[in-house]
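Trainee: Please find run38.cif (mmCIF, C-alpha atoms) on the next line:
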```cif
data_protein
#
loop_
_atom_site.label_atom_id
_atom_site.label_comp_id
_atom_site.auth_asym_id
_atom_site.auth_seq_id
_atom_site.Cartn_x
_atom_site.Cartn_y
_atom_site.Cartn_z
CA MET N 228 -3.63 -15.07 131.62
CA THR N 229 -0.21 -13.81 130.64
CA PRO N 230 1.75 -16.46 128.69
CA ARG N 231 5.02 -17.50 130.23
CA PRO N 232 8.15 -16.64 128.24
CA PRO N 233 9.85 -19.62 126.59
CA ILE N 234 12.75 -21.19 128.42
CA ARG N 235 15.94 -20.56 126.51
CA ALA N 236 18.75 -23.06 126.38
CA PRO N 237 21.90 -21.94 128.23
CA ARG N 238 24.39 -20.16 125.98
CA HIS N 239 27.55 -22.10 125.24
CA ASP N 240 30.68 -20.27 126.36
CA ASP N 241 33.65 -21.50 124.36
CA ARG N 242 36.07 -19.73 126.71
CA ARG N 243 34.81 -21.36 129.91
CA ARG N 244 34.89 -25.13 130.35
CA THR N 245 34.16 -27.11 133.52
CA TYR N 246 35.40 -30.70 133.62
CA PRO N 247 33.96 -33.20 136.16
CA ALA N 248 36.19 -34.62 138.85
CA LEU N 249 38.55 -37.24 137.41
CA GLY N 250 38.38 -39.44 140.49
CA ALA N 251 41.05 -41.64 142.04
CA ARG N 252 43.73 -43.12 139.77
CA SER N 253 47.05 -44.76 140.53
CA ASP N 254 48.86 -43.49 137.44
CA ARG N 255 48.38 -41.47 134.24
CA THR N 256 49.16 -42.28 130.63
CA GLY N 257 51.35 -39.30 129.91
CA THR N 258 51.63 -37.36 126.69
CA TRP N 259 54.68 -35.26 125.91
CA TRP N 260 52.77 -32.02 126.53
CA GLY N 261 51.28 -33.36 129.78
CA ASP N 262 54.79 -34.32 130.93
CA ALA N 263 56.00 -30.82 130.01
CA TRP N 264 53.23 -29.41 132.18
CA VAL N 265 54.34 -31.53 135.14
CA ARG N 266 58.00 -30.49 134.61
CA ALA N 267 56.95 -26.83 134.79
CA LEU N 268 55.28 -27.59 138.15
CA GLU N 269 58.35 -29.39 139.45
CA GLU N 270 60.65 -26.54 138.41
CA LEU N 271 58.34 -24.16 140.24
CA ALA N 272 58.24 -26.13 143.51
CA LEU N 273 60.41 -25.15 146.48
CA ASP N 274 59.56 -28.26 148.54
CA PRO N 275 59.58 -31.73 146.85
CA ALA N 276 57.73 -33.18 149.86
CA ARG N 277 54.71 -31.01 149.15
CA LEU N 278 54.77 -32.19 145.55
CA ALA N 279 54.67 -35.80 146.71
CA ARG N 280 51.68 -35.10 148.98
CA GLY N 281 49.99 -33.23 146.11
CA ALA N 282 50.49 -36.24 143.80
CA ALA N 283 48.96 -38.48 146.48
CA TYR N 284 45.97 -36.11 146.80
CA ALA N 285 45.48 -36.24 143.04
CA GLN N 286 45.69 -40.04 142.88
CA ALA N 287 43.21 -40.33 145.76
CA GLY N 288 40.65 -38.17 143.88
CA HIS N 289 40.68 -35.21 146.28
CA VAL N 290 40.29 -32.69 143.40
CA ASP N 291 36.71 -31.74 142.53
CA ALA N 292 35.49 -30.44 139.15
CA ILE N 293 38.05 -28.27 137.34
CA THR N 294 37.04 -25.01 135.62
CA VAL N 295 39.33 -23.68 132.88
CA THR N 296 39.15 -20.11 131.53
CA PRO N 297 41.80 -18.07 129.70
CA GLY N 298 44.73 -17.66 132.05
CA ARG N 299 43.09 -19.41 135.03
CA ILE N 300 42.39 -22.95 136.36
CA THR N 301 40.26 -23.32 139.50
CA ALA N 302 38.96 -26.24 141.57
CA TYR N 303 38.06 -27.18 145.14
CA VAL N 304 40.58 -29.58 146.70
CA HIS N 305 39.77 -31.66 149.79
CA GLY N 306 42.38 -31.68 152.50
CA SER N 307 42.54 -32.67 156.14
CA ARG N 308 39.65 -30.41 157.11
CA PRO N 309 35.95 -31.04 156.28
CA ARG N 310 35.65 -27.95 154.11
CA PRO N 311 37.56 -28.06 150.78
CA TYR N 312 40.00 -25.33 149.78
CA ARG N 313 39.58 -23.12 146.72
CA THR N 314 42.71 -23.62 144.66
CA GLU N 315 43.80 -21.69 141.58
CA LEU N 316 46.55 -21.78 138.96
CA ARG N 317 47.21 -18.69 136.84
CA LEU N 318 48.94 -18.80 133.47
CA ARG N 319 49.87 -15.97 131.11
CA THR N 320 47.62 -15.77 128.01
CA LEU N 321 49.11 -15.28 124.55
CA PRO N 322 48.80 -11.88 122.84
CA ASP N 323 46.90 -11.58 119.55
CA PRO N 324 50.06 -11.48 117.35
CA ALA N 325 51.25 -14.78 118.86
CA TRP N 326 47.84 -16.36 118.17
CA GLU N 327 47.90 -15.14 114.57
CA GLN N 328 51.33 -16.70 114.11
CA PHE N 329 50.14 -19.98 115.67
CA LEU N 330 47.05 -20.16 113.44
CA ASP N 331 49.02 -19.29 110.29
CA THR N 332 51.58 -21.98 111.08
CA ALA N 333 48.89 -24.60 111.72
CA ALA N 334 46.93 -23.70 108.57
CA ARG N 335 50.00 -23.96 106.32
CA THR N 336 50.44 -27.65 107.13
CA PRO N 337 47.38 -29.93 106.71
CA ALA N 338 49.05 -32.49 109.01
CA HIS N 339 48.90 -30.00 111.85
CA ILE N 340 45.15 -29.52 111.45
CA ALA N 341 44.63 -33.29 111.26
CA ALA N 342 46.70 -33.78 114.44
CA LEU N 343 44.68 -31.18 116.38
CA LEU N 344 41.41 -32.78 115.27
CA ASP N 345 42.81 -36.11 116.49
CA LYS N 346 43.56 -34.54 119.91
CA ASP N 347 47.30 -34.50 119.25
CA LEU N 348 49.67 -31.54 119.63
CA PRO N 349 52.69 -31.49 117.27
CA HIS N 350 55.99 -30.48 118.87
CA ASP N 351 56.86 -27.77 116.34
CA LEU N 352 53.39 -26.21 116.55
CA ALA N 353 53.55 -25.92 120.34
CA ASP N 354 57.09 -24.53 120.21
CA GLU N 355 56.09 -21.96 117.54
CA ALA N 356 53.63 -20.21 119.85
CA GLU N 357 55.33 -21.12 123.17
CA LEU N 358 52.14 -22.81 124.37
CA LEU N 359 53.73 -24.86 127.14
CA PRO N 360 54.58 -23.08 130.38
CA ALA N 361 58.18 -22.15 131.04
CA SER N 362 59.77 -21.66 134.42
CA GLY N 363 57.83 -19.03 136.33
CA ASP N 364 54.75 -19.11 134.07
CA LEU N 365 52.57 -20.99 136.57
CA ILE N 366 51.38 -18.98 139.60
CA PRO N 367 49.58 -21.06 142.27
CA ASP N 368 47.15 -19.71 144.87
CA CYS N 369 45.10 -21.51 147.55
CA SER N 370 42.79 -20.60 150.42
CA CYS N 371 44.58 -23.02 152.78
CA PRO N 372 46.89 -21.73 155.53
CA ASP N 373 49.91 -23.53 154.05
CA ASP N 374 52.43 -21.01 152.72
CA GLY N 375 54.28 -23.54 150.58
CA TYR N 376 55.00 -22.67 146.97
CA PRO N 377 53.06 -24.49 145.79
CA CYS N 378 51.01 -26.02 148.58
CA LYS N 379 49.94 -29.65 148.28
CA HIS N 380 46.45 -28.61 147.13
CA ALA N 381 47.79 -26.51 144.23
CA ALA N 382 50.17 -29.36 143.35
CA ALA N 383 47.24 -31.81 143.31
CA LEU N 384 45.29 -29.49 140.98
CA CYS N 385 48.31 -29.22 138.69
CA TYR N 386 48.70 -33.03 138.50
CA GLN N 387 45.00 -33.47 137.70
CA THR N 388 45.27 -30.74 135.05
CA ALA N 389 48.02 -32.81 133.43
CA ARG N 390 45.48 -35.66 133.11
CA LEU N 391 43.08 -33.26 131.37
CA LEU N 392 45.82 -32.20 128.98
CA ASP N 393 46.62 -35.83 128.18
CA GLU N 394 43.04 -36.33 127.04
CA ASP N 395 42.54 -33.03 125.19
CA PRO N 396 45.30 -30.57 124.14
CA PHE N 397 42.64 -27.94 123.49
CA VAL N 398 42.57 -27.46 127.27
CA LEU N 399 46.07 -25.98 126.93
CA LEU N 400 44.87 -23.65 124.13
CA LEU N 401 41.97 -22.52 126.34
CA MET N 402 44.39 -21.78 129.17
CA ARG N 403 46.40 -19.63 126.75
CA GLY N 404 43.33 -17.61 125.72
CA ARG N 405 41.31 -19.26 122.90
CA GLY N 406 38.47 -21.80 123.00
CA GLU N 407 38.34 -24.97 120.90
CA GLN N 408 35.54 -23.85 118.57
CA GLU N 409 37.18 -20.47 118.16
CA VAL N 410 40.49 -22.05 117.13
CA LEU N 411 38.86 -24.55 114.76
CA ALA N 412 36.77 -21.82 113.11
CA ALA N 413 39.85 -19.67 112.55
CA LEU N 414 41.74 -22.64 111.06
CA THR N 415 38.77 -23.42 108.79
CA ARG N 416 38.73 -19.86 107.45
CA ARG N 417 42.46 -19.86 106.79
CA ASN N 418 42.35 -23.28 105.15
CA ALA N 419 39.47 -22.20 102.88
CA ALA N 420 41.33 -19.04 101.88
CA ARG N 421 44.49 -21.03 101.13
CA MET N 422 42.58 -23.54 98.98
CA ALA N 423 40.83 -20.71 97.10
CA VAL N 424 44.20 -19.18 96.25
CA GLU N 425 45.49 -22.54 95.06
CA ARG N 426 42.44 -22.96 92.78
CA VAL N 427 42.96 -19.61 91.05
CA PRO N 428 43.79 -20.41 87.41
CA PRO N 429 47.08 -19.10 86.03
CA ARG N 430 46.95 -15.74 84.36
CA PRO N 431 46.76 -15.96 80.57
CA GLN N 432 49.70 -14.88 78.51
CA LEU N 433 49.41 -11.31 77.29
CA PRO N 434 49.18 -10.93 73.52
CA THR N 435 52.30 -9.61 71.85
CA VAL N 436 52.45 -6.57 69.59
CA GLN N 437 54.95 -5.99 66.81
CA ALA N 438 57.28 -3.09 67.52
CA ARG N 439 56.64 -1.72 64.02
CA SER N 440 52.93 -1.57 64.73
CA ALA N 441 53.40 -0.07 68.19
CA LEU N 442 55.64 2.75 66.89
CA ALA N 443 53.61 3.55 63.77
CA PRO N 444 52.17 7.10 63.73
CA ARG N 445 48.50 7.25 64.55
CA THR N 446 45.77 9.79 65.06
CA ARG N 447 44.36 9.88 68.53
CA PRO N 448 40.59 10.22 68.88
CA PRO N 449 39.34 13.54 70.23
CA LEU N 450 38.75 13.83 73.93
CA PRO N 451 35.13 13.67 75.07
CA PRO N 452 33.52 17.02 75.89
CA PRO N 453 33.83 18.09 79.52
CA PHE N 454 30.91 17.72 81.84
CA PRO N 455 28.79 20.87 82.14
CA THR N 456 29.55 23.07 85.11
CA PRO N 457 26.76 22.92 87.72
CA ALA N 458 24.76 26.10 88.23
CA ARG N 459 25.71 26.33 91.90
CA PRO N 460 28.08 24.60 94.36
CA GLY N 461 26.92 21.39 95.93
CA HIS N 462 25.95 21.05 99.58
CA PRO N 463 28.16 18.96 101.89
CA PRO N 464 26.68 15.95 103.66
CA ALA N 465 25.56 16.07 107.28
CA PHE N 466 28.57 15.14 109.37
CA PRO N 467 27.91 13.06 112.53
CA ASP N 468 28.77 14.37 115.96
CA VAL N 469 31.00 11.54 117.23
CA HIS N 470 32.53 11.66 120.70
CA GLY N 471 36.24 12.35 120.31
CA GLY N 472 35.89 13.02 116.58
CA PRO N 473 36.24 16.26 114.58
CA ASP N 474 33.79 19.09 115.19
CA PRO N 475 30.91 18.63 112.67
CA LEU N 476 30.48 22.41 112.30
CA SER N 477 34.15 22.78 111.39
CA LEU N 478 33.88 19.94 108.88
CA ASP N 479 30.79 21.55 107.35
CA LEU N 480 32.65 24.88 107.08
CA LEU N 481 35.66 23.29 105.37
CA ALA N 482 33.51 21.27 102.95
CA THR N 483 31.38 24.30 102.03
CA GLU N 484 34.46 26.44 101.43
CA ALA N 485 36.04 23.76 99.26
CA ALA N 486 32.87 23.47 97.16
CA LEU N 487 32.61 27.26 96.66
CA ARG N 488 36.27 27.54 95.73
CA ALA N 489 36.06 24.65 93.25
CA HIS N 490 32.91 26.05 91.64
CA THR N 491 34.53 29.48 91.19
CA LEU N 492 37.59 27.90 89.61
CA LEU N 493 35.39 25.94 87.19
CA THR N 494 33.25 28.90 86.17
CA THR N 495 35.83 31.72 86.06
CA GLY N 496 39.21 30.04 85.97
CA GLN N 497 40.24 32.26 88.91
CA ASP N 498 41.03 31.18 92.45
CA PRO N 499 39.17 33.61 94.72
CA ILE N 500 41.30 32.80 97.76
CA ALA N 501 44.83 32.61 96.33
CA PRO N 502 45.48 36.43 96.37
CA LEU N 503 44.33 36.79 99.99
CA THR N 504 46.62 36.96 102.99
CA THR N 505 45.96 34.73 106.00
CA TRP N 506 44.29 37.62 107.82
CA GLN N 507 42.12 38.57 104.83
CA ASP N 508 41.02 34.96 104.39
CA ALA N 509 40.16 34.71 108.10
CA VAL N 510 38.03 37.86 107.81
CA ARG N 511 36.33 36.45 104.70
CA LEU N 512 35.53 33.19 106.50
CA ALA N 513 34.14 34.96 109.54
CA ALA N 514 32.04 37.29 107.36
CA ALA N 515 30.54 34.41 105.38
CA HIS N 516 29.81 31.90 108.18
CA PRO N 517 27.30 32.67 109.55
CA GLY N 518 25.79 35.58 107.68
CA SER N 519 24.53 37.50 110.71
CA GLY N 520 23.97 37.32 114.44
CA LEU N 521 26.37 36.62 117.29
CA THR N 522 25.46 33.08 118.30
CA SER N 523 27.59 30.69 120.35
CA THR N 524 28.81 29.14 117.10
CA THR N 525 29.78 32.60 115.79
CA ARG N 526 31.67 33.40 118.97
CA ALA N 527 33.55 30.09 118.81
CA LEU N 528 34.44 30.73 115.16
CA TYR N 529 35.59 34.30 115.88
CA THR N 530 37.69 33.14 118.84
CA ALA N 531 39.40 30.39 116.82
CA LEU N 532 40.13 32.63 113.80
CA ALA N 533 41.34 35.51 115.98
CA ARG N 534 43.71 33.21 117.88
CA ALA N 535 45.07 31.75 114.64
CA THR N 536 45.84 35.23 113.23
CA ASP N 537 47.15 36.73 116.50
CA ARG N 538 44.27 39.24 116.68
CA THR N 539 41.51 39.89 119.19
CA PRO N 540 37.87 38.90 118.57
CA THR N 541 37.03 42.64 118.56
CA ASP N 542 39.60 43.26 115.80
CA LEU N 543 38.04 40.43 113.82
CA ALA N 544 34.48 41.68 114.38
CA ARG N 545 35.44 45.19 113.17
CA ALA N 546 37.16 43.72 110.10
CA VAL N 547 34.09 41.55 109.39
CA ALA N 548 31.90 44.67 109.45
CA ALA N 549 34.24 46.28 106.90
CA TRP N 550 34.25 43.15 104.71
CA ARG N 551 30.48 43.06 104.66
CA GLN N 552 30.51 46.75 103.80
CA GLY N 553 32.63 46.37 100.65
CA GLY N 554 34.89 43.29 100.60
CA ILE N 555 38.65 43.45 100.42
CA GLU N 556 38.65 47.15 99.36
CA ALA N 557 36.62 48.09 102.45
CA LEU N 558 39.05 46.09 104.63
CA SER N 559 41.94 48.05 103.14
CA VAL N 560 40.10 51.33 103.89
CA LEU N 561 39.65 50.19 107.49
CA GLU N 562 43.29 49.27 108.05
CA THR N 563 45.39 51.52 105.78
CA PRO N 564 45.16 55.35 105.81
CA TRP N 565 46.64 57.08 102.75
CA ASP N 566 47.03 60.50 101.13
CA PRO N 567 44.65 60.89 98.18
CA PRO N 568 45.60 63.22 95.31
CA ALA N 569 43.82 66.52 94.76
CA GLY N 570 40.41 66.18 93.17
CA PRO N 571 37.39 64.27 94.49
CA PHE N 572 38.62 64.34 98.09
CA ASP N 573 38.99 68.16 98.04
CA ARG N 574 35.52 68.59 96.60
CA ALA N 575 33.88 66.42 99.28
CA ARG N 576 33.71 69.01 102.12
CA PRO N 577 31.98 71.70 100.03
CA ALA N 578 29.54 69.10 98.74
CA LEU N 579 28.74 67.96 102.29
CA SER N 580 28.27 71.55 103.50
CA ALA N 581 25.95 72.29 100.59
CA ALA N 582 23.89 69.21 101.53
CA GLY N 583 23.58 70.39 105.14
CA PHE N 584 26.43 68.44 106.70
CA PRO N 585 29.09 70.99 107.73
CA GLY N 586 31.85 70.56 110.30
CA PHE N 587 33.83 67.68 108.77
CA ARG N 588 37.58 67.85 109.53
CA PRO N 589 40.05 66.39 106.99
CA SER N 590 42.88 64.04 107.96
CA ARG N 591 44.64 62.13 105.20
CA ASN N 592 41.84 60.19 103.44
CA ARG N 593 39.29 60.81 106.20
CA LEU N 594 36.63 63.43 106.94
CA SER N 595 35.45 63.33 110.55
CA THR N 596 33.01 64.77 113.07
CA PRO N 597 32.95 63.58 116.70
CA THR N 598 30.58 60.72 115.84
CA ILE N 599 30.63 60.33 112.03
CA GLN N 600 33.48 59.67 109.63
CA LEU N 601 33.83 59.23 105.88
CA ARG N 602 36.87 57.47 104.45
CA TYR N 603 37.92 57.79 100.82
CA GLY N 604 39.15 54.51 99.29
CA ARG N 605 41.64 53.90 96.52
CA ASP N 606 38.71 52.54 94.49
CA GLY N 607 37.14 56.05 94.39
CA LEU N 608 34.34 55.18 96.84
CA TRP N 609 33.41 56.79 100.15
CA TYR N 610 32.91 54.50 103.18
CA GLY N 611 30.87 55.55 106.21
CA TYR N 612 32.02 55.01 109.84
CA GLU N 613 30.50 55.71 113.23
CA SER N 614 31.84 56.10 116.79
CA ASP N 615 30.59 57.09 120.21
CA PRO N 616 31.54 60.68 121.18
CA ASP N 617 35.15 61.07 122.38
CA ARG N 618 35.85 57.35 121.86
CA GLU N 619 37.67 57.28 118.52
CA ASP N 620 36.30 53.74 118.17
CA TRP N 621 35.27 53.77 114.53
CA TRP N 622 33.07 51.01 113.07
CA PRO N 623 32.01 50.65 109.41
CA ARG N 624 28.38 51.57 108.75
CA GLY N 625 26.25 51.74 105.60
CA ALA N 626 27.16 51.06 101.97
CA PRO N 627 30.02 52.69 100.02
CA ASP N 628 29.17 55.31 97.43
CA ALA N 629 31.07 57.39 94.85
CA ASP N 630 29.33 60.49 96.28
CA PRO N 631 30.25 61.41 99.90
CA VAL N 632 26.72 62.71 100.47
CA GLY N 633 25.32 59.35 99.28
CA ALA N 634 27.69 57.42 101.57
CA LEU N 635 26.71 59.62 104.53
CA THR N 636 23.01 59.19 103.74
CA ALA N 637 23.51 55.38 103.54
CA ARG N 638 25.21 55.46 106.94
CA LEU N 639 22.38 57.44 108.46
CA GLY N 640 19.90 55.04 106.94
CA ALA N 641 21.82 52.09 108.39
#
```
Output the file's structure in the form of structure tokens.

Mentor:
Amino acid sequence: MTPRPPIRAPRHDDRRRTYPALGARSDRTGTWWGDAWVRALEELALDPARLARGAAYAQAGHVDAITVTPGRITAYVHGSRPRPYRTELRLRTLPDPAWEQFLDTAARTPAHIAALLDKDLPHDLADEAELLPASGDLIPDCSCPDDGYPCKHAAALCYQTARLLDEDPFVLLLMRGRGEQEVLAALTRRNAARMAVERVPPRPQLPTVQARSALAPRTRPPLPPPFPTPARPGHPPAFPDVHGGPDPLSLDLLATEAALRAHTLLTTGQDPIAPLTTWQDAVRLAAAHPGSGLTSTTRALYTALARATDRTPTDLARAVAAWRQGGIEALSVLETPWDPPAGPFDRARPALSAAGFPGFRPSRNRLSTPTIQLRYGRDGLWYGYESDPDREDWWPRGAPDADPVGALTARLGA
């Protein structure tokens, strides 16, 4: 037999209170805040006769149980028909800054806390937070057909609410947005913090030092030796993928780059990125992350870097191929033709013909066939390129070599 789950006690809701019907009563023992509540009703009313009938309804006990939540008071009010009407009063709640000011003001004065615990509401505390309704703050609503403002049922509910306020000012605080236990807990925390500050002992007097002693020459101890440089850069942490937050892959890229740059500075004293232009640094980033393959992440990285440098993704991909071929020198060979002096460049064509590769045409620092090209760099190395026939769409291939035949062989091997 399956055991039955235990019955849990209903959860107390500090921001919803239901008060039983107050019953018939010929008069009320008014408090100053209850009277202020009634005055707000009377300033709202357009018809004094309806107010008088509402007061009579309240005295006769026509108002059922009253439910109070932040900004709203509801009850069923019996009228001339058998079925009662659902009546409601709406009141603006206080914003959080106004509540903070109210709580700070109450906590500063122990008499205020004592008054609230004694079900009393000090004048200055209520005025500080504007707890009591002003003209236009109360908005009545009723299911009856009477279009009075307010109708007699809403007026009766308002008069009975004044009786609740007379007995407990925390009803007014609940109407404005905070429950009794919530307010008392906040006051307790503030009072405890204030008392803790008051108990802090005074700071001791600082010892004095003679000026002669302070200005006397002295030998400073040597600095401790620096920490050893780690053998390799550290790895960044795993960044969470939070909705609306930064892209974790971008954060990982930035953290990895920062670690590599810092490690190079520590080990060599040189900043590897400082001499680079924005375009060269973008090519370096794209060539290093990721190392190979055209995944969706690679395409997104290429697109972002190309847009930031006003280039196309194809331009960036070609530059990345050059960077992987030989770094910044290979990128310069890709982008900048030049006129080499007489010497190694002039000896390249005969060497190629002797190795069985005739037909290369010279143009500045380049030797070309319809599909193969060798470019001579300022660093004295030859860089291989390849294109489809009649396309003139040259892409770096192979590894650079000081010998043109070696560079061509590396390209063919690639």

Trainee: What does the structure give for the distance between atom CA of Gly406 of chain N and atom CA of Ala325 of chain N, in Å to one decimal?

Mentor: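 For atom CA of Gly406 of chain N relative to atom CA of Ala325 of chain N, the distance reads 15.2 Å.
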
Trainee: Which polymer residues have any atom within 10 Å of an atom of Asp262 of chain N, counting all atoms listed in the file, with same-chain residues fewer than 3 positions away left out, as an mmCIF file with C-alpha atoms, keeping the file's coordinate frame?

Mentor:
```cif
data_model
loop_
_atom_site.group_PDB
_atom_site.id
_atom_site.type_symbol
_atom_site.label_atom_id
_atom_site.label_comp_id
_atom_site.auth_asym_id
_atom_site.auth_seq_id
_atom_site.Cartn_x
_atom_site.Cartn_y
_atom_site.Cartn_z
ATOM 1 C CA THR N 256 49.160 -42.280 130.630
ATOM 2 C CA GLY N 257 51.350 -39.300 129.910
ATOM 3 C CA THR N 258 51.630 -37.360 126.690
ATOM 4 C CA TRP N 259 54.680 -35.260 125.910
ATOM 5 C CA VAL N 265 54.340 -31.530 135.140
ATOM 6 C CA ARG N 266 58.000 -30.490 134.610
ATOM 7 C CA ALA N 267 56.950 -26.830 134.790
ATOM 8 C CA LEU N 268 55.280 -27.590 138.150
ATOM 9 C CA TYR N 386 48.700 -33.030 138.500
ATOM 10 C CA ALA N 389 48.020 -32.810 133.430
ATOM 11 C CA ARG N 390 45.480 -35.660 133.110
ATOM 12 C CA LEU N 392 45.820 -32.200 128.980
ATOM 13 C CA ASP N 393 46.620 -35.830 128.180
#
```

Trainee: If we count all atoms listed in the file and set the cut-off at 7 Å, which residues sit around segment 620-631 of chain N, ignoring sequence neighbours fewer than 4 positions away in its own chain? Please answer as number ranges by chain.

Mentor: N: 545, 548-549, 552-553, 575, 607-615, 635, 637-638, 641

Trainee: Would you pick out the contacts of Arg576 of chain N at 8 Å or less, using all atoms listed in the file, so that residues sharing its chain but fewer than 4 positions from it are not included, and give the list as a list in words?

Mentor: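 Residues near the query, excluding close chain neighbours: Phe572, Ser580, Pro585, Phe587 and Leu594 of chain N.
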
Trainee: Between N:Leu532, N:Ile293, N:Ala515, N:Leu503, which has the minimum distance to Ile555 of chain N (counting only C-alpha atoms)?

Mentor: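 The shortest atom-to-atom distance to Ile555 of chain N comes from N:Leu503.
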
Trainee: Could you work out how far atom CA of Gly404 of chain N lies from atom CA of Glu357 of chain N, giving the answer in Å with one decimal?

Mentor: 12.8 Å

Trainee: Considering all atoms listed in the file, return as an NGL selection string whatever protein or nucleic-acid residues lie within 10 Å of Asp364 of chain N, sequence-local ones (same chain, fewer than 5 positions apart) excluded.

Mentor: :N and (267-268 or 271 or 316-320 or 359)

Trainee: Go ahead and save the picked residues with C-alpha atoms, as a CSV table (one decimal), keeping the file's coordinate frame.

Mentor:
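Contents of part07.csv, as written:
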```csv
chain,number,residue,atom,x,y,z
N,267,ALA,CA,57.0,-26.8,134.8
N,268,LEU,CA,55.3,-27.6,138.2
N,271,LEU,CA,58.3,-24.2,140.2
N,316,LEU,CA,46.6,-21.8,139.0
N,317,ARG,CA,47.2,-18.7,136.8
N,318,LEU,CA,48.9,-18.8,133.5
N,319,ARG,CA,49.9,-16.0,131.1
N,320,THR,CA,47.6,-15.8,128.0
N,359,LEU,CA,53.7,-24.9,127.1
```

Trainee: Nearest to Gly461 of chain N: which of N:Leu442, N:Leu343, N:Met422, N:Ala482 is it, counting all atoms listed in the file?

Mentor: N:Ala482

Trainee: So, counting only C-alpha atoms, which residue among N:Ala248, N:Ala282, N:Val290, N:Ile500 is closest to Lys379 of chain N?

Mentor: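 The closest residue to Lys379 of chain N is N:Ala282.
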
Trainee: Please, what distance in Å, to one decimal, runs between atom CA of Leu487 of chain N and atom CA of Pro464 of chain N?

Mentor: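 These two atoms are separated by 14.6 Å.
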
Trainee: Could you give me, as a ChimeraX atom specification, the residues within 8 Å of segment 328-335 of chain N, counting all atoms listed in the file and dropping anything in the same chain fewer than 6 positions from it?

Mentor: /N:352,355-356,410,413-414,417-418

Trainee: Looking at only C-alpha atoms, which of N:Arg405, N:His470, N:Arg459, N:Arg242 is the one that sits closest to Arg488 of chain N?

Mentor: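 Residue with the minimum atom-to-atom distance to Arg488 of chain N: N:Arg459.
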
Trainee: Could you tell me which residues the PyMOL selection byres ((chain N and resi 504-508) around 12) returns for this structure, as JSON, numbers by chain?

Mentor: {"N": [484, 499, 500, 501, 502, 503, 509, 510, 511, 512, 513, 514, 515, 532, 533, 534, 535, 536, 537, 538, 539, 542, 543, 546, 547, 549, 550, 554, 555, 556, 557, 558, 559, 562]}

Trainee: Complete the atoms of segment 349-358 of chain N to N, CA, C and O atoms and put them out as a CSV table (one decimal), in the coordinates of the input.

Mentor:
```
chain,number,residue,atom,x,y,z
N,349,PRO,N,51.3,-31.4,117.8
N,349,PRO,CA,52.7,-31.5,117.3
N,349,PRO,C,53.7,-30.6,118.0
N,349,PRO,O,53.4,-29.5,118.5
N,350,HIS,N,54.9,-31.2,118.1
N,350,HIS,CA,56.0,-30.5,118.9
N,350,HIS,C,56.3,-29.1,118.3
N,350,HIS,O,56.3,-28.1,119.0
N,351,ASP,N,56.5,-29.0,117.0
N,351,ASP,CA,56.9,-27.8,116.3
N,351,ASP,C,55.7,-26.7,116.4
N,351,ASP,O,56.0,-25.5,116.6
N,352,LEU,N,54.5,-27.2,116.4
N,352,LEU,CA,53.4,-26.2,116.6
N,352,LEU,C,53.3,-25.6,117.9
N,352,LEU,O,53.1,-24.4,118.1
N,353,ALA,N,53.5,-26.4,119.0
N,353,ALA,CA,53.6,-25.9,120.3
N,353,ALA,C,54.7,-25.0,120.6
N,353,ALA,O,54.6,-24.0,121.3
N,354,ASP,N,55.9,-25.4,120.0
N,354,ASP,CA,57.1,-24.5,120.2
N,354,ASP,C,56.9,-23.2,119.5
N,354,ASP,O,57.5,-22.2,119.9
N,355,GLU,N,56.2,-23.2,118.3
N,355,GLU,CA,56.1,-22.0,117.5
N,355,GLU,C,55.4,-20.8,118.4
N,355,GLU,O,55.8,-19.7,118.3
N,356,ALA,N,54.4,-21.2,119.1
N,356,ALA,CA,53.6,-20.2,119.8
N,356,ALA,C,54.0,-20.2,121.3
N,356,ALA,O,53.4,-19.5,122.1
N,357,GLU,N,54.9,-21.0,121.8
N,357,GLU,CA,55.3,-21.1,123.2
N,357,GLU,C,54.1,-21.4,124.0
N,357,GLU,O,53.8,-20.7,125.0
N,358,LEU,N,53.4,-22.5,123.6
N,358,LEU,CA,52.1,-22.8,124.4
N,358,LEU,C,52.4,-23.4,125.8
N,358,LEU,O,51.7,-23.1,126.7
```
